[in-house]
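Below is one structure, written out as structure tokens; the observations come after it.
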Amino acid sequence: MGVASYAGAVVGQDTKMTPERWMASNEPRKETIQTAGSYPILSTLFDQEGFDLELGTLFEFGLAPMLDGVE
């Protein structure tokens, strides 16, 4: 199972929502994060043309630094 598939399965299991619906329901949070300036790196990613904000991408974004710290 791929990372995106796993993330979608977890969201569906916990919230009974599809990944797309979960992302849409959290759009106000994304806007707040982007405009508040509290998370400059994440805000920079949001501004990039090719950044595809989807559940799998968010999962990988959070997982990669955690795994880097384990190595």
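We label chains A, B, ... in the order they appear in the structure tokens, count residues from 1 in each chain, and number ligands from 1 in the order shown.
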Counting only C-alpha atoms, what is within 12 Å of Glu27 of chain A, bar same-chain residues fewer than 6 positions away, as a short mmCIF file (atom, residue, chain, number, x, y, z; two decimals) with C-alpha atoms, in the first residue's frame?
data_model
loop_
_atom_site.label_atom_id
_atom_site.label_comp_id
_atom_site.auth_asym_id
_atom_site.auth_seq_id
_atom_site.Cartn_x
_atom_site.Cartn_y
_atom_site.Cartn_z
CA GLU A 20 -10.96 14.92 -0.98
CA ARG A 21 -13.84 15.81 1.32
CA ILE A 33 -1.81 28.78 8.14
CA GLN A 34 -0.88 30.41 4.86
CA LEU A 53 -1.75 19.86 -1.65
CA GLU A 54 -3.44 16.56 -1.05
#
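Counting only C-alpha atoms, the residue from A:Met66, A:Leu45, A:Ala36, A:Leu58 that sits nearest to Met23 of chain A is A:Leu58.
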